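The file input-v2.cif comes next; it holds mmCIF, C-alpha atoms.
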data_work
loop_
_atom_site.label_atom_id
_atom_site.label_comp_id
_atom_site.auth_asym_id
_atom_site.auth_seq_id
_atom_site.Cartn_x
_atom_site.Cartn_y
_atom_site.Cartn_z
CA MET A 175 98.16 80.87 72.81
CA MET A 176 101.18 80.62 70.52
CA ALA A 177 104.28 78.90 71.85
CA PRO A 178 107.11 80.96 73.36
CA GLY A 179 109.78 81.56 70.74
CA ALA A 180 107.42 81.40 67.77
CA VAL A 181 107.70 84.39 65.42
CA GLN A 182 104.74 86.76 65.52
CA THR A 183 102.71 86.82 62.30
CA ALA A 184 99.75 88.86 61.12
CA ASP A 185 97.50 85.91 61.89
CA SER A 186 98.86 85.26 65.39
CA GLN A 187 98.65 88.94 66.25
CA LYS A 188 95.07 89.18 65.00
CA ALA A 189 94.03 86.05 66.90
CA MET A 190 95.53 87.19 70.21
CA THR A 191 93.20 88.93 72.65
CA PRO A 192 94.43 91.78 74.87
CA ALA A 193 94.09 89.52 77.92
CA GLU A 194 96.17 86.82 76.23
CA GLY A 195 98.80 89.39 75.31
CA LEU A 196 99.09 90.59 78.89
CA GLN A 197 99.29 87.00 80.10
CA ARG A 198 102.06 86.36 77.58
CA LEU A 199 104.11 89.10 79.24
CA LYS A 200 103.39 87.69 82.71
CA ASP A 201 104.36 84.19 81.60
CA GLY A 202 107.53 85.49 79.99
CA ASN A 203 108.59 87.26 83.16
CA ALA A 204 107.92 84.10 85.16
CA ARG A 205 110.23 82.15 82.82
CA PHE A 206 112.90 84.84 83.21
CA VAL A 207 112.68 84.81 87.01
CA ASN A 208 112.86 81.02 87.12
CA GLY A 209 115.81 80.73 84.74
CA LEU A 210 113.70 79.15 82.01
CA ALA A 211 114.19 81.70 79.25
CA THR A 212 113.29 80.46 75.77
CA SER A 213 116.12 79.41 73.48
CA ARG A 214 115.97 81.51 70.30
CA ASP A 215 117.83 81.78 67.02
CA TYR A 216 117.92 85.57 66.75
CA LEU A 217 119.39 85.62 63.26
CA GLU A 218 116.58 83.36 62.08
CA GLN A 219 114.04 85.64 63.76
CA ALA A 220 115.65 88.68 62.15
CA SER A 221 115.27 87.08 58.73
CA ALA A 222 111.70 85.95 59.44
CA THR A 223 110.61 89.44 60.46
CA ALA A 224 112.47 91.41 57.80
CA GLY A 225 109.39 91.64 55.61
CA GLY A 226 107.04 92.95 58.30
CA GLN A 227 106.41 93.22 62.02
CA TYR A 228 103.39 92.23 64.10
CA PRO A 229 104.22 92.93 67.77
CA PHE A 230 101.50 92.12 70.29
CA ALA A 231 102.53 94.80 72.81
CA ILE A 232 104.26 98.12 73.30
CA ILE A 233 106.23 98.51 76.51
CA LEU A 234 107.18 101.93 77.86
CA GLY A 235 110.13 101.47 80.17
CA CYS A 236 112.89 103.48 81.77
CA VAL A 237 116.28 103.92 80.08
CA ASP A 238 117.90 102.06 82.99
CA SER A 239 120.41 99.58 81.57
CA ARG A 240 119.30 96.94 84.07
CA VAL A 241 115.78 96.67 82.66
CA PRO A 242 115.99 95.41 79.05
CA VAL A 243 112.34 94.68 78.37
CA GLU A 244 112.77 91.92 75.79
CA VAL A 245 114.98 90.05 78.23
CA VAL A 246 112.93 90.43 81.40
CA PHE A 247 109.75 89.39 79.58
CA ASP A 248 111.49 86.64 77.58
CA GLN A 249 110.41 87.99 74.19
CA GLY A 250 112.18 87.80 70.85
CA ILE A 251 112.67 89.92 67.76
CA GLY A 252 109.36 91.21 66.43
CA ASP A 253 107.37 90.47 69.59
CA VAL A 254 107.14 93.87 71.28
CA PHE A 255 107.60 97.55 70.53
CA SER A 256 109.96 99.13 73.06
CA ALA A 257 109.86 102.79 74.07
CA ARG A 258 112.34 103.95 76.70
CA VAL A 259 112.70 107.28 78.47
CA ALA A 260 114.06 108.09 81.93
CA GLY A 261 111.29 107.73 84.48
CA ASN A 262 108.99 105.99 81.96
CA ILE A 263 107.07 109.22 81.33
CA ALA A 264 104.91 109.67 78.24
CA PRO A 265 105.44 112.96 76.40
CA SER A 266 103.46 113.50 73.20
CA ASP A 267 105.92 111.76 70.90
CA VAL A 268 105.82 108.62 73.05
CA VAL A 269 102.01 108.69 73.12
CA GLY A 270 102.08 109.10 69.35
CA SER A 271 104.33 106.07 69.09
CA MET A 272 101.79 104.13 71.16
CA GLU A 273 99.03 105.23 68.80
CA PHE A 274 101.10 103.90 65.91
CA ALA A 275 101.76 100.62 67.72
CA THR A 276 98.10 100.01 68.55
CA ALA A 277 95.86 101.76 66.02
CA ALA A 278 98.16 101.30 63.02
CA ALA A 279 100.29 98.25 63.78
CA GLY A 280 97.80 96.12 65.72
CA SER A 281 99.37 95.72 69.16
CA LYS A 282 96.94 94.62 71.86
CA VAL A 283 98.80 95.63 75.06
CA ILE A 284 100.28 98.87 76.40
CA LEU A 285 102.50 98.29 79.42
CA VAL A 286 104.05 101.11 81.44
CA LEU A 287 107.02 99.63 83.29
CA GLY A 288 108.71 101.34 86.22
CA HIS A 289 111.33 99.80 88.46
CA THR A 290 112.70 99.87 91.97
CA ALA A 291 115.46 102.33 92.91
CA CYS A 292 114.73 104.43 89.80
CA GLY A 293 117.33 107.15 89.31
CA ALA A 294 114.88 109.51 87.61
CA VAL A 295 112.42 109.15 90.48
CA LYS A 296 115.24 109.77 92.95
CA GLY A 297 116.15 112.91 91.03
CA ALA A 298 112.55 114.12 91.17
CA VAL A 299 112.34 113.40 94.91
CA ASP A 300 115.49 115.46 95.50
CA ASP A 301 114.32 118.15 93.02
CA VAL A 302 117.52 117.89 90.98
CA LYS A 303 118.24 120.63 88.43
CA LEU A 304 120.46 119.67 85.49
CA GLY A 305 120.07 120.99 81.96
CA ASN A 306 117.34 119.30 79.94
CA LEU A 307 116.93 116.71 82.69
CA THR A 308 115.20 119.38 84.79
CA GLY A 309 112.18 119.46 82.47
CA LEU A 310 112.00 115.68 82.39
CA LEU A 311 112.05 115.40 86.18
CA ASP A 312 109.36 118.09 86.41
CA GLN A 313 107.01 115.58 84.76
CA ILE A 314 107.55 113.18 87.67
CA GLN A 315 106.93 115.84 90.32
CA PRO A 316 103.13 115.27 90.41
CA ALA A 317 103.80 111.67 91.47
CA VAL A 318 106.17 112.90 94.19
CA LYS A 319 103.55 115.30 95.51
CA ALA A 320 100.83 112.64 95.38
CA THR A 321 102.83 110.08 97.37
CA LYS A 322 102.45 110.67 101.10
CA LEU A 323 105.26 110.16 103.57
CA LYS A 324 104.66 107.67 106.36
CA ALA A 325 105.28 108.52 110.00
CA GLY A 326 108.95 109.16 110.61
CA GLU A 327 109.89 109.15 106.93
CA LYS A 328 111.87 111.86 105.19
CA LYS A 329 111.46 113.09 101.61
CA THR A 330 114.83 112.04 100.29
CA SER A 331 116.17 109.73 97.60
CA LYS A 332 117.88 107.78 100.37
CA ASN A 333 114.45 106.63 101.55
CA ALA A 334 114.23 103.55 99.33
CA ALA A 335 110.69 102.58 100.32
CA TYR A 336 109.39 106.06 99.56
CA VAL A 337 111.21 106.16 96.20
CA ASP A 338 109.59 102.88 95.20
CA ARG A 339 106.14 104.11 96.22
CA VAL A 340 106.67 107.23 94.11
CA ALA A 341 107.70 104.98 91.20
CA THR A 342 104.41 103.09 91.53
CA THR A 343 102.43 106.35 91.69
CA ASN A 344 104.32 107.56 88.63
CA VAL A 345 103.42 104.44 86.63
CA LYS A 346 99.74 104.94 87.45
CA ALA A 347 99.99 108.63 86.57
CA THR A 348 101.58 107.79 83.24
CA MET A 349 98.79 105.34 82.45
CA ASP A 350 96.20 108.00 83.27
CA HIS A 351 98.10 110.56 81.18
CA ILE A 352 98.14 108.28 78.14
CA LEU A 353 94.38 107.77 78.31
CA ALA A 354 93.68 111.45 78.97
CA THR A 355 95.81 112.74 76.11
CA SER A 356 94.99 110.14 73.46
CA PRO A 357 91.35 109.75 72.46
CA THR A 358 92.61 107.13 69.99
CA ILE A 359 94.05 104.89 72.70
CA ALA A 360 91.20 105.58 75.11
CA GLY A 361 88.75 104.52 72.42
CA LEU A 362 90.61 101.27 71.73
CA VAL A 363 90.69 100.50 75.46
CA ASN A 364 86.98 101.26 75.86
CA GLU A 365 86.19 99.00 72.91
CA GLY A 366 88.18 96.16 74.47
CA LYS A 367 90.66 96.08 71.60
CA VAL A 368 93.62 97.16 73.73
CA VAL A 369 94.49 96.76 77.41
CA ILE A 370 96.69 99.20 79.31
CA ALA A 371 98.55 97.99 82.38
CA GLY A 372 101.43 98.97 84.59
CA GLY A 373 104.22 97.15 86.31
CA ILE A 374 107.15 97.59 88.67
CA TYR A 375 110.31 95.61 87.97
CA ASP A 376 112.34 94.58 91.01
CA LEU A 377 116.02 95.06 90.24
CA GLU A 378 117.09 92.35 92.68
CA SER A 379 114.61 89.55 91.98
CA GLY A 380 113.80 90.27 88.33
CA LYS A 381 110.10 89.94 89.11
CA VAL A 382 107.50 92.33 87.68
CA SER A 383 104.57 93.21 89.93
CA PHE A 384 101.69 94.10 87.63
CA ILE A 385 99.28 97.00 88.13
CA ASN A 386 95.93 96.71 86.29
#
Could the structure of this file be written out as structure tokens, please?
Amino acid sequence: MMAPGAVQTADSQKAMTPAEGLQRLKDGNARFVNGLATSRDYLEQASATAGGQYPFAIILGCVDSRVPVEVVFDQGIGDVFSARVAGNIAPSDVVGSMEFATAAAGSKVILVLGHTACGAVKGAVDDVKLGNLTGLLDQIQPAVKATKLKAGEKKTSKNAAYVDRVATTNVKATMDHILATSPTIAGLVNEGKVVIAGGIYDLESGKVSFIN
């Protein structure tokens, strides 16, 4: 496996297996959590990648400002594609972007990343109505309905444990949606050329719990 901080090249991307790519994300998050983030010269990386990009993964995350994916996975310029939308849902344009990242640009990993205390999930739990946000939150409603309340719990955004369980359900639902709506990605996964995984980022600890 290439060293952390090394610039991705066509050769390193081609040589990396999907399993190695996923492990690279796990290792990067471990470095972040332990305060061992890689020292990088970002201007040098910008120059090195100006002629082409060979990311090994595409990460679909939430727009939350506290979850910058390159930082929490200790990755540099040119390492990962980043797609961000509130509630880490995957409408058709996001799925199309994933098809570009994998089938056209050679990425080996698709990661759907949710997080604790997600505002979009809270909005869906409370059935918030607000302009265009209403339609976005409607796409999280199936995860709300699929997540059962435990004894004594109430369906409210103030129920932090329930919100986080809905976030996990939503990540899994997004993964299923990607495979169901993209024969291209489903084919790559079935052929072992791409792996799709999920994760929940803990806002307090910085740790990602992976969902395979």
For the interface of segment 233-316 of chain A with segment 198-215 of chain A (cut-off 8 Å, counting all atoms listed in the file), please tabulate each contacting residue of segment 233-316 of chain A alongside its nearest pair of atoms and their separation in Å to one decimal, rows sorted by chain and increasing number, as a Markdown table.
| residue | atom | partner | partner_atom | distance |
| --- | --- | --- | --- | --- |
| A:Val245 | CA | A:Phe206 | CA | 7.5 |
| A:Val246 | CA | A:Asn203 | CA | 5.7 |
| A:Phe247 | CA | A:Asn203 | CA | 4.3 |
| A:Asp248 | CA | A:Gly202 | CA | 4.8 |
| A:Gln249 | CA | A:Gly202 | CA | 6.9 |
| A:Gly250 | CA | A:Arg214 | CA | 7.4 |
Item checked: atom CA of Ile284 of chain A to atom CA of Ala193 of chain A, straight-line distance in Å -> 11.3 Å
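Atom pair atom CA of Gly280 of chain A / atom CA of Ala222 of chain A has a distance of 18.3 Å (rounded to one decimal).
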Margin query: Calculated over all atoms listed in the file, which of the candidates A:Ile251, A:Ala260, A:Ile370, A:Met176 has the smallest distance to Ile352 of chain A?
Written below: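 Using all atoms listed in the file, the shortest distance to Ile352 of chain A belongs to A:Ile370.
The environment of Ala335 of chain A within 10 Å, counting only C-alpha atoms and disregarding residues fewer than 3 places along the same chain, consists of Thr290, Ala291, Leu323, Lys324, Glu327, Ser331, Lys332, Asp338, Arg339, Val340 and Ala341 of chain A.
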Margin query: Can you measure atom CA of Lys367 of chain A to atom CA of Ala184 of chain A for me? One decimal in Å is fine.
Written below: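 It comes out at 15.6 Å.
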Margin query: Given the PyMOL selection byres ((chain A and resi 229) around 6) and the file above, list the residues it selects as a VMD selection string.
Written below: chain A and resid 228 230 to 231 252 to 254 281
Enumerate, as a PDB file with C-alpha atoms, in the coordinates of the input, the residues matched when the PyMOL selection byres ((chain A and resi 263) around 10) is run on the file above.
ATOM      1  CA  LEU A 234     107.180 101.930  77.860  1.00  0.00           C
ATOM      2  CA  GLY A 235     110.130 101.470  80.170  1.00  0.00           C
ATOM      3  CA  CYS A 236     112.890 103.480  81.770  1.00  0.00           C
ATOM      4  CA  ARG A 258     112.340 103.950  76.700  1.00  0.00           C
ATOM      5  CA  VAL A 259     112.700 107.280  78.470  1.00  0.00           C
ATOM      6  CA  ALA A 260     114.060 108.090  81.930  1.00  0.00           C
ATOM      7  CA  GLY A 261     111.290 107.730  84.480  1.00  0.00           C
ATOM      8  CA  ASN A 262     108.990 105.990  81.960  1.00  0.00           C
ATOM      9  CA  ALA A 264     104.910 109.670  78.240  1.00  0.00           C
ATOM     10  CA  PRO A 265     105.440 112.960  76.400  1.00  0.00           C
ATOM     11  CA  SER A 266     103.460 113.500  73.200  1.00  0.00           C
ATOM     12  CA  VAL A 268     105.820 108.620  73.050  1.00  0.00           C
ATOM     13  CA  VAL A 269     102.010 108.690  73.120  1.00  0.00           C
ATOM     14  CA  VAL A 286     104.050 101.110  81.440  1.00  0.00           C
ATOM     15  CA  LEU A 287     107.020  99.630  83.290  1.00  0.00           C
ATOM     16  CA  GLY A 288     108.710 101.340  86.220  1.00  0.00           C
ATOM     17  CA  LEU A 310     112.000 115.680  82.390  1.00  0.00           C
ATOM     18  CA  LEU A 311     112.050 115.400  86.180  1.00  0.00           C
ATOM     19  CA  GLN A 313     107.010 115.580  84.760  1.00  0.00           C
ATOM     20  CA  ILE A 314     107.550 113.180  87.670  1.00  0.00           C
ATOM     21  CA  ASN A 344     104.320 107.560  88.630  1.00  0.00           C
ATOM     22  CA  VAL A 345     103.420 104.440  86.630  1.00  0.00           C
ATOM     23  CA  ALA A 347      99.990 108.630  86.570  1.00  0.00           C
ATOM     24  CA  THR A 348     101.580 107.790  83.240  1.00  0.00           C
ATOM     25  CA  MET A 349      98.790 105.340  82.450  1.00  0.00           C
ATOM     26  CA  HIS A 351      98.100 110.560  81.180  1.00  0.00           C
ATOM     27  CA  ILE A 352      98.140 108.280  78.140  1.00  0.00           C
TER      28      ILE A 352
END
Check: Which of these, A:Lys303, A:Val368, A:Gln315, A:Thr342, has the shortest distance to Thr276 of chain A once you count all atoms listed in the file?
Finding: A:Val368
Note to self: Ranking A:Gln227, A:Ala275, A:Val241, A:Ala334 by minimum distance to Lys381 of chain A and counting all atoms listed in the file, which one comes first?
What the structure shows: A:Val241
Checklist line | Closest of A:Ala317, A:Ala294, A:Ala257, A:Val382 to Ser271 of chain A - atom-to-atom distances counting all atoms listed in the file | finding: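 Nearest to Ser271 of chain A: A:Ala257.
Candidate residues A:Asp238, A:Asp185, A:Asp300, A:Glu194 were compared for distance to Val337 of chain A, and the nearest is A:Asp300, using all atoms listed in the file.
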Next item on the list: Using all atoms listed in the file, find the one residue out of A:Asn386, A:Thr191, A:Gln197, A:Ser221 that sits nearest to Pro178 of chain A.
Entry: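 Looking only at the distances to Pro178 of chain A, the closest residue turns out to be A:Gln197.
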